[in-house]
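Source file: upload-v3.cif; contents: mmCIF, C-alpha atoms and all ligand atoms.
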data_input
loop_
_atom_site.group_PDB
_atom_site.id
_atom_site.type_symbol
_atom_site.label_atom_id
_atom_site.label_comp_id
_atom_site.auth_asym_id
_atom_site.auth_seq_id
_atom_site.Cartn_x
_atom_site.Cartn_y
_atom_site.Cartn_z
ATOM 1 C CA MET A 1 -20.688 1.011 21.923
ATOM 2 C CA ARG A 2 -17.083 1.372 20.743
ATOM 3 C CA THR A 3 -15.045 -1.839 20.805
ATOM 4 C CA ILE A 4 -11.803 -3.134 19.350
ATOM 5 C CA GLY A 5 -11.762 -6.264 17.227
ATOM 6 C CA VAL A 6 -8.511 -8.195 16.842
ATOM 7 C CA ILE A 7 -7.492 -11.297 14.942
ATOM 8 C CA ALA A 8 -4.197 -12.641 16.274
ATOM 9 C CA GLY A 9 -2.390 -15.572 14.685
ATOM 10 C CA GLU A 10 0.638 -15.549 12.451
ATOM 11 C CA ARG A 11 -0.685 -12.145 11.375
ATOM 12 C CA VAL A 12 -2.311 -9.528 13.578
ATOM 13 C CA VAL A 13 -5.251 -7.428 12.356
ATOM 14 C CA ILE A 14 -6.877 -4.743 14.519
ATOM 15 C CA GLY A 15 -9.768 -2.318 14.019
ATOM 16 C CA VAL A 16 -12.250 -0.178 15.924
ATOM 17 C CA VAL A 17 -15.853 -1.422 15.683
ATOM 18 C CA GLU A 18 -18.954 0.621 16.330
ATOM 19 C CA GLY A 19 -22.561 -0.274 15.456
ATOM 20 C CA ASN A 20 -21.535 -3.549 13.763
ATOM 21 C CA ARG A 21 -19.138 -1.808 11.394
ATOM 22 C CA LEU A 22 -15.555 -0.628 11.290
ATOM 23 C CA THR A 23 -14.731 2.983 11.926
ATOM 24 C CA GLY A 24 -11.534 3.889 10.160
ATOM 25 C CA GLU A 25 -8.781 1.784 8.688
ATOM 26 C CA ILE A 26 -7.726 -1.575 10.020
ATOM 27 C CA ARG A 27 -4.126 -2.108 11.036
ATOM 28 C CA ARG A 28 -2.151 -5.158 9.956
ATOM 29 C CA SER A 29 1.183 -6.438 11.187
ATOM 30 C CA GLN A 30 3.200 -9.606 11.021
ATOM 31 C CA PRO A 31 5.130 -10.405 14.226
ATOM 32 C CA ALA A 32 8.493 -12.037 13.511
ATOM 33 C CA PRO A 33 8.117 -15.861 13.461
ATOM 34 C CA ASP A 34 10.781 -16.241 16.172
ATOM 35 C CA LEU A 35 9.346 -13.565 18.484
ATOM 36 C CA PRO A 36 8.959 -15.080 21.984
ATOM 37 C CA VAL A 37 5.337 -15.332 23.087
ATOM 38 C CA GLU A 38 5.725 -12.719 25.893
ATOM 39 C CA GLU A 39 6.985 -10.191 23.339
ATOM 40 C CA TYR A 40 4.218 -11.204 20.924
ATOM 41 C CA SER A 41 1.688 -10.493 23.669
ATOM 42 C CA GLU A 42 3.370 -7.178 24.481
ATOM 43 C CA GLN A 43 3.385 -6.109 20.823
ATOM 44 C CA LEU A 44 -0.321 -6.970 20.653
ATOM 45 C CA ARG A 45 -1.039 -4.855 23.735
ATOM 46 C CA ARG A 46 0.884 -1.904 22.289
ATOM 47 C CA GLU A 47 -0.876 -2.078 18.914
ATOM 48 C CA ILE A 48 -4.315 -2.344 20.560
ATOM 49 C CA ALA A 49 -3.543 0.743 22.664
ATOM 50 C CA GLU A 50 -2.459 2.678 19.562
ATOM 51 C CA VAL A 51 -5.521 1.697 17.521
ATOM 52 C CA GLY A 52 -7.856 2.515 20.432
ATOM 53 C CA ALA A 53 -6.327 5.906 21.240
ATOM 54 C CA GLY A 54 -8.638 8.844 20.644
ATOM 55 C CA GLY A 55 -11.848 7.557 22.220
ATOM 56 C CA ASP A 56 -13.305 5.408 24.967
ATOM 57 C CA ILE A 57 -13.207 1.660 24.374
ATOM 58 C CA GLU A 58 -15.729 -0.537 26.208
ATOM 59 C CA ALA A 59 -14.589 -3.985 25.138
ATOM 60 C CA ILE A 60 -11.791 -5.784 23.284
ATOM 61 C CA GLY A 61 -12.383 -9.052 21.443
ATOM 62 C CA VAL A 62 -9.426 -11.121 20.232
ATOM 63 C CA GLY A 63 -9.955 -14.051 17.859
ATOM 64 C CA VAL A 64 -7.197 -16.671 17.928
ATOM 65 C CA PRO A 65 -6.750 -19.968 16.036
ATOM 66 C CA GLY A 66 -7.141 -22.536 18.781
ATOM 67 C CA ILE A 67 -8.988 -23.809 21.830
ATOM 68 C CA VAL A 68 -9.654 -20.986 24.274
ATOM 69 C CA ARG A 69 -10.876 -21.371 27.825
ATOM 70 C CA GLU A 70 -11.287 -18.421 30.183
ATOM 71 C CA GLY A 71 -8.818 -16.311 28.249
ATOM 72 C CA ILE A 72 -6.148 -19.010 28.032
ATOM 73 C CA ILE A 73 -5.120 -20.389 24.638
ATOM 74 C CA GLU A 74 -5.012 -24.047 25.612
ATOM 75 C CA GLU A 75 -4.084 -25.382 22.185
ATOM 76 C CA ALA A 76 -3.171 -23.835 18.831
ATOM 77 C CA PRO A 77 -2.125 -26.658 16.486
ATOM 78 C CA ASN A 78 -1.255 -24.357 13.589
ATOM 79 C CA VAL A 79 0.364 -21.470 15.548
ATOM 80 C CA HIS A 80 2.339 -23.404 18.156
ATOM 81 C CA ARG A 81 3.844 -20.468 20.004
ATOM 82 C CA LEU A 82 0.431 -19.310 21.239
ATOM 83 C CA LYS A 83 -0.180 -22.541 23.163
ATOM 84 C CA GLY A 84 -0.524 -21.874 26.887
ATOM 85 C CA LEU A 85 -0.620 -18.086 26.553
ATOM 86 C CA ASN A 86 -2.976 -16.470 29.076
ATOM 87 C CA LEU A 87 -3.882 -13.655 26.732
ATOM 88 C CA GLY A 88 -7.003 -12.769 28.704
ATOM 89 C CA ALA A 89 -4.980 -12.082 31.855
ATOM 90 C CA ALA A 90 -2.282 -10.163 29.948
ATOM 91 C CA LEU A 91 -4.830 -7.850 28.344
ATOM 92 C CA SER A 92 -6.933 -7.473 31.525
ATOM 93 C CA ALA A 93 -3.789 -6.321 33.349
ATOM 94 C CA ALA A 94 -3.017 -3.825 30.591
ATOM 95 C CA PHE A 95 -6.609 -2.572 30.194
ATOM 96 C CA PRO A 96 -8.190 -3.052 33.666
ATOM 97 C CA SER A 97 -11.436 -1.138 33.027
ATOM 98 C CA ILE A 98 -12.219 -2.773 29.666
ATOM 99 C CA THR A 99 -14.115 -6.043 29.061
ATOM 100 C CA ILE A 100 -11.786 -8.561 27.401
ATOM 101 C CA LEU A 101 -12.982 -11.556 25.379
ATOM 102 C CA ILE A 102 -10.615 -14.103 23.855
ATOM 103 C CA LEU A 103 -12.459 -16.304 21.363
ATOM 104 C CA ASN A 104 -11.854 -18.739 18.545
ATOM 105 C CA ASP A 105 -11.186 -16.915 15.277
ATOM 106 C CA ALA A 106 -13.781 -18.955 13.352
ATOM 107 C CA ASP A 107 -16.441 -17.741 15.817
ATOM 108 C CA ALA A 108 -15.283 -14.195 15.063
ATOM 109 C CA VAL A 109 -15.747 -14.891 11.346
ATOM 110 C CA ALA A 110 -19.234 -16.339 11.940
ATOM 111 C CA VAL A 111 -20.411 -13.350 13.953
ATOM 112 C CA GLY A 112 -18.761 -10.986 11.456
ATOM 113 C CA ILE A 113 -20.720 -12.596 8.627
ATOM 114 C CA ALA A 114 -23.947 -12.369 10.635
ATOM 115 C CA ALA A 115 -23.291 -8.725 11.591
ATOM 116 C CA THR A 116 -22.563 -7.614 8.040
ATOM 117 C CA ARG A 117 -25.461 -9.529 6.474
ATOM 118 C CA ASN A 118 -28.097 -8.572 8.990
ATOM 119 C CA GLU A 119 -28.314 -12.140 10.316
ATOM 120 C CA LEU A 120 -27.396 -11.563 13.973
ATOM 121 C CA GLY A 121 -30.727 -13.006 15.133
ATOM 122 C CA LYS A 122 -30.279 -16.259 13.208
ATOM 123 C CA ILE A 123 -28.138 -19.310 13.851
ATOM 124 C CA ILE A 124 -25.453 -19.683 11.200
ATOM 125 C CA ARG A 125 -22.434 -21.950 10.985
ATOM 126 C CA VAL A 126 -19.184 -21.373 9.108
ATOM 127 C CA TRP A 127 -16.378 -23.595 7.877
ATOM 128 C CA THR A 128 -13.107 -21.706 7.365
ATOM 129 C CA LEU A 129 -10.910 -23.580 4.913
ATOM 130 C CA GLY A 130 -7.211 -22.699 5.101
ATOM 131 C CA THR A 131 -4.049 -24.092 6.702
ATOM 132 C CA GLY A 132 -6.360 -25.517 9.341
ATOM 133 C CA ILE A 133 -10.131 -26.033 9.242
ATOM 134 C CA GLY A 134 -12.108 -23.749 11.532
ATOM 135 C CA PHE A 135 -15.720 -24.073 12.608
ATOM 136 C CA GLY A 136 -17.629 -21.069 13.848
ATOM 137 C CA ARG A 137 -21.142 -20.377 14.991
ATOM 138 C CA SER A 138 -23.203 -17.247 15.435
ATOM 139 C CA PRO A 139 -24.442 -16.575 18.048
ATOM 140 C CA ARG A 140 -21.298 -17.892 19.741
ATOM 141 C CA LEU A 141 -21.606 -20.623 22.385
ATOM 142 C CA ASP A 142 -18.974 -21.392 24.993
ATOM 143 C CA GLY A 143 -17.291 -24.721 24.453
ATOM 144 C CA VAL A 144 -14.546 -26.452 22.524
ATOM 145 C CA TRP A 145 -16.169 -26.748 19.051
ATOM 146 C CA GLU A 146 -13.116 -28.170 17.293
ATOM 147 C CA ALA A 147 -15.281 -29.511 14.485
ATOM 148 C CA GLY A 148 -12.359 -29.160 12.058
ATOM 149 C CA HIS A 149 -11.050 -32.265 13.813
ATOM 150 C CA SER A 150 -14.285 -34.225 13.330
ATOM 151 C CA ILE A 151 -13.681 -37.864 12.455
ATOM 152 C CA VAL A 152 -14.686 -38.344 8.839
ATOM 153 C CA THR A 153 -12.964 -41.664 8.080
ATOM 154 C CA LEU A 154 -11.948 -44.811 9.962
ATOM 155 C CA ASP A 155 -9.022 -45.461 7.597
ATOM 156 C CA PRO A 156 -5.936 -45.711 9.855
ATOM 157 C CA LYS A 157 -3.762 -44.381 6.999
ATOM 158 C CA GLU A 158 -5.527 -40.992 7.204
ATOM 159 C CA ARG A 159 -3.052 -39.250 9.476
ATOM 160 C CA PHE A 160 -2.251 -35.919 7.806
ATOM 161 C CA CYS A 161 -3.989 -33.687 10.365
ATOM 162 C CA GLY A 162 -1.874 -30.924 11.909
ATOM 163 C CA CYS A 163 -2.908 -32.103 15.388
ATOM 164 C CA GLY A 164 -1.632 -35.646 14.754
ATOM 165 C CA GLY A 165 -5.048 -37.286 15.103
ATOM 166 C CA VAL A 166 -6.174 -40.064 12.743
ATOM 167 C CA GLY A 167 -9.163 -39.705 10.408
ATOM 168 C CA HIS A 168 -9.746 -35.968 10.889
ATOM 169 C CA LEU A 169 -11.518 -33.554 8.527
ATOM 170 C CA GLU A 170 -8.476 -31.250 8.584
ATOM 171 C CA GLY A 171 -6.298 -34.210 7.590
ATOM 172 C CA ILE A 172 -8.142 -34.244 4.253
ATOM 173 C CA LEU A 173 -9.136 -30.579 3.750
ATOM 174 C CA GLY A 174 -6.326 -28.678 5.450
ATOM 175 C CA HIS A 175 -3.859 -26.907 3.151
ATOM 176 C CA ARG A 176 -0.837 -28.344 4.916
ATOM 177 C CA ALA A 177 -2.427 -31.812 4.918
ATOM 178 C CA MET A 178 -3.021 -31.653 1.152
ATOM 179 C CA ARG A 179 0.622 -30.743 0.582
ATOM 180 C CA ARG A 180 1.722 -33.686 2.727
ATOM 181 C CA ARG A 181 -0.579 -36.057 0.833
ATOM 182 C CA PHE A 182 0.461 -34.883 -2.646
ATOM 183 C CA MET A 183 4.188 -34.387 -2.361
ATOM 184 C CA ASP A 184 4.330 -33.586 -6.095
ATOM 185 C CA LEU A 185 1.404 -31.150 -6.440
ATOM 186 C CA GLU A 186 0.224 -27.928 -4.792
ATOM 187 C CA PRO A 187 -3.473 -27.783 -3.782
ATOM 188 C CA ASP A 188 -4.246 -25.425 -6.716
ATOM 189 C CA GLU A 189 -2.771 -27.983 -9.128
ATOM 190 C CA ILE A 190 -4.688 -30.872 -7.544
ATOM 191 C CA PHE A 191 -8.029 -29.178 -8.140
ATOM 192 C CA GLU A 192 -7.037 -27.944 -11.624
ATOM 193 C CA GLN A 193 -6.091 -31.478 -12.628
ATOM 194 C CA ALA A 194 -9.270 -32.853 -11.045
ATOM 195 C CA LYS A 195 -11.282 -30.520 -13.311
ATOM 196 C CA ALA A 196 -9.214 -31.680 -16.285
ATOM 197 C CA GLY A 197 -10.143 -35.287 -15.517
ATOM 198 C CA ASP A 198 -6.980 -36.694 -13.910
ATOM 199 C CA GLU A 199 -8.210 -39.775 -12.061
ATOM 200 C CA ARG A 200 -6.035 -39.537 -8.929
ATOM 201 C CA CYS A 201 -6.893 -35.847 -8.474
ATOM 202 C CA ARG A 202 -10.590 -36.360 -9.233
ATOM 203 C CA ASN A 203 -10.780 -39.138 -6.651
ATOM 204 C CA PHE A 204 -9.173 -36.875 -4.091
ATOM 205 C CA ALA A 205 -11.472 -33.937 -4.934
ATOM 206 C CA ASN A 206 -14.453 -36.265 -4.385
ATOM 207 C CA LEU A 207 -13.008 -37.445 -1.043
ATOM 208 C CA TRP A 208 -12.435 -33.789 -0.069
ATOM 209 C CA HIS A 209 -16.081 -32.899 -0.732
ATOM 210 C CA ARG A 210 -17.351 -36.095 0.903
ATOM 211 C CA ALA A 211 -15.326 -35.316 4.042
ATOM 212 C CA LEU A 212 -16.739 -31.794 4.277
ATOM 213 C CA ALA A 213 -20.245 -33.156 3.740
ATOM 214 C CA ALA A 214 -19.635 -35.747 6.481
ATOM 215 C CA ALA A 215 -18.534 -33.186 9.075
ATOM 216 C CA THR A 216 -21.479 -30.971 8.103
ATOM 217 C CA ALA A 217 -23.837 -33.948 8.444
ATOM 218 C CA SER A 218 -22.436 -34.621 11.939
ATOM 219 C CA SER A 219 -23.139 -31.008 12.906
ATOM 220 C CA ILE A 220 -26.682 -31.324 11.523
ATOM 221 C CA HIS A 221 -27.257 -34.548 13.469
ATOM 222 C CA LEU A 222 -26.139 -32.803 16.675
ATOM 223 C CA SER A 223 -27.563 -29.294 16.247
ATOM 224 C CA GLY A 224 -30.105 -29.427 13.443
ATOM 225 C CA PRO A 225 -30.204 -28.154 9.881
ATOM 226 C CA GLY A 226 -29.442 -24.600 8.769
ATOM 227 C CA LYS A 227 -27.167 -22.416 6.773
ATOM 228 C CA PHE A 228 -23.470 -23.218 6.405
ATOM 229 C CA TYR A 229 -21.106 -20.597 5.028
ATOM 230 C CA LEU A 230 -17.865 -21.738 3.439
ATOM 231 C CA THR A 231 -14.993 -19.299 3.483
ATOM 232 C CA GLY A 232 -11.235 -18.927 3.768
ATOM 233 C CA PRO A 233 -8.587 -19.164 1.050
ATOM 234 C CA ASN A 234 -9.480 -22.728 0.024
ATOM 235 C CA ALA A 235 -13.244 -22.175 -0.252
ATOM 236 C CA LYS A 236 -12.431 -21.511 -3.926
ATOM 237 C CA PHE A 237 -12.094 -25.304 -4.365
ATOM 238 C CA VAL A 238 -15.699 -25.978 -3.289
ATOM 239 C CA GLU A 239 -18.093 -27.351 -5.907
ATOM 240 C CA THR A 240 -21.359 -26.572 -4.110
ATOM 241 C CA PRO A 241 -23.604 -28.933 -6.161
ATOM 242 C CA LEU A 242 -21.282 -31.884 -5.430
ATOM 243 C CA LEU A 243 -21.243 -31.037 -1.729
ATOM 244 C CA GLU A 244 -25.051 -30.895 -1.691
ATOM 245 C CA VAL A 245 -25.364 -34.307 -3.363
ATOM 246 C CA PHE A 246 -23.040 -35.893 -0.786
ATOM 247 C CA LEU A 247 -24.851 -34.191 2.100
ATOM 248 C CA GLN A 248 -28.204 -35.476 0.844
ATOM 249 C CA GLU A 249 -26.807 -39.004 0.888
ATOM 250 C CA MET A 250 -25.777 -38.543 4.517
ATOM 251 C CA VAL A 251 -28.776 -36.789 6.056
ATOM 252 C CA LYS A 252 -32.013 -38.699 5.539
ATOM 253 C CA MET A 253 -34.308 -37.890 8.493
ATOM 254 C CA SER A 254 -36.895 -35.413 7.250
ATOM 255 C CA PRO A 255 -36.774 -32.946 10.200
ATOM 256 C CA LEU A 256 -33.027 -32.601 9.584
ATOM 257 C CA GLN A 257 -33.239 -31.689 5.917
ATOM 258 C CA GLY A 258 -33.127 -28.227 4.375
ATOM 259 C CA SER A 259 -29.544 -27.176 5.064
ATOM 260 C CA TYR A 260 -27.728 -25.168 2.437
ATOM 261 C CA PHE A 261 -24.260 -23.884 1.635
ATOM 262 C CA GLU A 262 -22.961 -20.525 0.492
ATOM 263 C CA VAL A 263 -19.367 -19.787 -0.448
ATOM 264 C CA ILE A 264 -18.407 -16.244 0.502
ATOM 265 C CA PRO A 265 -15.177 -14.297 0.738
ATOM 266 C CA THR A 266 -14.405 -13.033 4.242
ATOM 267 C CA PRO A 267 -11.734 -10.367 4.130
ATOM 268 C CA ASP A 268 -9.968 -9.513 7.403
ATOM 269 C CA GLU A 269 -12.530 -6.776 8.037
ATOM 270 C CA ILE A 270 -15.311 -9.350 8.578
ATOM 271 C CA ALA A 271 -13.404 -11.252 11.285
ATOM 272 C CA VAL A 272 -12.337 -8.013 13.020
ATOM 273 C CA ILE A 273 -15.964 -6.835 13.093
ATOM 274 C CA GLY A 274 -17.006 -10.241 14.472
ATOM 275 C CA ALA A 275 -14.384 -10.102 17.251
ATOM 276 C CA GLY A 276 -15.543 -6.595 18.211
ATOM 277 C CA VAL A 277 -19.260 -7.452 18.112
ATOM 278 C CA ASN A 278 -18.661 -10.603 20.201
ATOM 279 C CA ALA A 279 -16.770 -8.547 22.785
ATOM 280 C CA ALA A 280 -19.623 -6.022 22.947
ATOM 281 C CA GLY A 281 -21.977 -8.837 23.932
ATOM 282 C CA ALA A 282 -19.589 -10.377 26.476
HETATM 283 ZN ZN ZN B 301 -6.884 -32.988 13.935
#

Is it possible to give me this structure as structure tokens?
Amino acid sequence: MRTIGVIAGERVVIGVVEGNRLTGEIRRSQPAPDLPVEEYSEQLRREIAEVGAGGDIEAIGVGVPGIVREGIIEEAPNVHRLKGLNLGAALSAAFPSITILILNDADAVAVGIAATRNELGKIIRVWTLGTGIGFGRSPRLDGVWEAGHSIVTLDPKERFCGCGGVGHLEGILGHRAMRRRFMDLEPDEIFEQAKAGDERCRNFANLWHRALAAATASSIHLSGPGKFYLTGPNAKFVETPLLEVFLQEMVKMSPLQGSYFEVIPTPDEIAVIGAGVNAAGA
């Protein structure tokens, strides 16, 4: 089955997927930041048509950073212009005989990881750590799944989340949130100074790991234990042993123990494969 996988946010990445792998090069573009959403959608349609030319396409999967319901991007806190876009309808009109699936980009990453590691039959979960915090699951389930906005603290001063909510995971882990918290340091410098023993930075690095452990523990208490992949540009800050210690403090019931973490890089190719594989199953 030949499908097209797309990741569409501030950047657009498109590839043809067949048998759980890419065939040929992927195509990257960066729509102008001030491009109106209708023109963004039109550019996407044109690029998909160009990448898909030269063979039959059975399905198109598009991963986007936000809440998606029935093809409509209902919310996209970190890429505001996409909010309200009915991308499913736009692409169905352009490609009437092709199955279209619009999904959360973290779900695309999760399925891409599973497809490229021969884990499609297993349940895996993924945290994507970047500007925002994504949560993906393979196999994908319909629903909201905005676990990046899990409540991990009741401190009313914790209000750095991109969505404006108080006490959210992304308000502690998100790249933009870290820059707002430390006006004088970049995230790289915070974690460097934490390693060097600076007390303020070390305390924050501990809070950062504790918050990620807390959101993971909430997922375990709702859906059971299992494997959690950590990826995205800021997964480089993860100290896995520290995260495991905090998680063990938070999950005590014996049937819920046995989860583990793995930090892995997920280049664009992985998410594109995941979007295409998801669309094939839609
Ligand atoms: Zn939030």

Q. Which neighbours of Ile60 in chain A fall inside 9 Å, counting only C-alpha atoms, when residues of the same chain fewer than 4 positions from it are skipped, and could you give them as an MDAnalysis selection string?
A. chainID A and resid 3:6 48 91 98:102 275:276 278:280

Q: Enumerate, as number ranges by chain, the residues matched when the PyMOL selection byres (((chain A and resi 147) around 10) and not hetatm) is run on the file above.
A: A: 127, 133-136, 144-146, 148-151, 168-170, 215-216, 218-219

Q: Evaluate the PyMOL selection byres (((chain A and resi 158-164) around 10) and not hetatm) on the structure here and hand back the selected residues as a VMD selection string.
A: chain A and resid 75 to 78 131 to 133 148 to 149 152 to 157 165 to 181

(Q) Between A:Leu212, A:Gly232, A:Asp184, A:Ala217, which residue has the minimum interatomic distance to Gln248 in chain A, considering all atoms listed in the file? (A)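 Closest to Gln248 in chain A, using all atoms listed in the file: A:Ala217.
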
Q.
Set the distance at 12 Å and use all atoms listed in the file: which residues neighbour Asp56 in chain A once local chain neighbours fewer than 6 positions away are removed? I'd like the list as a list of chain:residue names.
A. A:Met1, A:Arg2, A:Thr3, A:Ile4, A:Val16, A:Val17, A:Glu18, A:Ala49, A:Phe95, A:Ser97, A:Ile98

Please produce a file of the residues just selected, as an mmCIF file, in the frame of the given file, where the atoms kept are C-alpha atoms.
data_model
loop_
_atom_site.group_PDB
_atom_site.id
_atom_site.type_symbol
_atom_site.label_atom_id
_atom_site.label_comp_id
_atom_site.auth_asym_id
_atom_site.auth_seq_id
_atom_site.Cartn_x
_atom_site.Cartn_y
_atom_site.Cartn_z
ATOM 1 C CA MET A 1 -20.688 1.011 21.923
ATOM 2 C CA ARG A 2 -17.083 1.372 20.743
ATOM 3 C CA THR A 3 -15.045 -1.839 20.805
ATOM 4 C CA ILE A 4 -11.803 -3.134 19.350
ATOM 5 C CA VAL A 16 -12.250 -0.178 15.924
ATOM 6 C CA VAL A 17 -15.853 -1.422 15.683
ATOM 7 C CA GLU A 18 -18.954 0.621 16.330
ATOM 8 C CA ALA A 49 -3.543 0.743 22.664
ATOM 9 C CA PHE A 95 -6.609 -2.572 30.194
ATOM 10 C CA SER A 97 -11.436 -1.138 33.027
ATOM 11 C CA ILE A 98 -12.219 -2.773 29.666
#

(Q) I'd like the residues picked by the PyMOL selection byres (((chain A and resi 246) around 10) and not hetatm) written out as a list in words, using the chain letters and numbers from the file. (A)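 Applied to this file, the PyMOL selection byres (((chain A and resi 246) around 10) and not hetatm) selects Asn206, His209, Arg210, Ala211, Leu212, Ala213, Ala214, Ala217, Pro241, Leu242, Leu243, Glu244, Val245, Leu247, Gln248, Glu249, Met250 and Val251 of chain A.
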
Q: Please provide the set of residues having any atom within 7 Å of Pro65 in chain A, restricted to all atoms listed in the file, with same-chain residues fewer than 6 positions apart removed, written as a list of chain:residue names.
A: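 That gives A:Gly9, A:Ala76, A:Asn104, A:Asp105.
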
Axis-aligned box for range 242-252 of chain A, 8 Å per side, centre and edges in Å as AutoDock Vina command-line options:
--center_x -26.6 --center_y -34.9 --center_z 0.3 --size_x 26.8 --size_y 24.1 --size_z 27.5

Q. Which polymer residues have any atom within 10 Å of an atom of Val109 in chain A, counting only C-alpha atoms, with same-chain residues fewer than 5 positions away left out, as a PyMOL selection string?
A. chain A and resi 7+63+104+114-115+125-128+134-138+231-232+266-275

May I have the residues from that selection written out with C-alpha atoms, as an mmCIF file, keeping the file's coordinate frame?
data_model
loop_
_atom_site.group_PDB
_atom_site.id
_atom_site.type_symbol
_atom_site.label_atom_id
_atom_site.label_comp_id
_atom_site.auth_asym_id
_atom_site.auth_seq_id
_atom_site.Cartn_x
_atom_site.Cartn_y
_atom_site.Cartn_z
ATOM 1 C CA ILE A 7 -7.492 -11.297 14.942
ATOM 2 C CA GLY A 63 -9.955 -14.051 17.859
ATOM 3 C CA ASN A 104 -11.854 -18.739 18.545
ATOM 4 C CA ALA A 114 -23.947 -12.369 10.635
ATOM 5 C CA ALA A 115 -23.291 -8.725 11.591
ATOM 6 C CA ARG A 125 -22.434 -21.950 10.985
ATOM 7 C CA VAL A 126 -19.184 -21.373 9.108
ATOM 8 C CA TRP A 127 -16.378 -23.595 7.877
ATOM 9 C CA THR A 128 -13.107 -21.706 7.365
ATOM 10 C CA GLY A 134 -12.108 -23.749 11.532
ATOM 11 C CA PHE A 135 -15.720 -24.073 12.608
ATOM 12 C CA GLY A 136 -17.629 -21.069 13.848
ATOM 13 C CA ARG A 137 -21.142 -20.377 14.991
ATOM 14 C CA SER A 138 -23.203 -17.247 15.435
ATOM 15 C CA THR A 231 -14.993 -19.299 3.483
ATOM 16 C CA GLY A 232 -11.235 -18.927 3.768
ATOM 17 C CA THR A 266 -14.405 -13.033 4.242
ATOM 18 C CA PRO A 267 -11.734 -10.367 4.130
ATOM 19 C CA ASP A 268 -9.968 -9.513 7.403
ATOM 20 C CA GLU A 269 -12.530 -6.776 8.037
ATOM 21 C CA ILE A 270 -15.311 -9.350 8.578
ATOM 22 C CA ALA A 271 -13.404 -11.252 11.285
ATOM 23 C CA VAL A 272 -12.337 -8.013 13.020
ATOM 24 C CA ILE A 273 -15.964 -6.835 13.093
ATOM 25 C CA GLY A 274 -17.006 -10.241 14.472
ATOM 26 C CA ALA A 275 -14.384 -10.102 17.251
#

Q. In Å, how far is it from CA of Gly88 in chain A to CA of Leu141 in chain A?
A.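 Between these atoms lies a distance of 17.7 Å.
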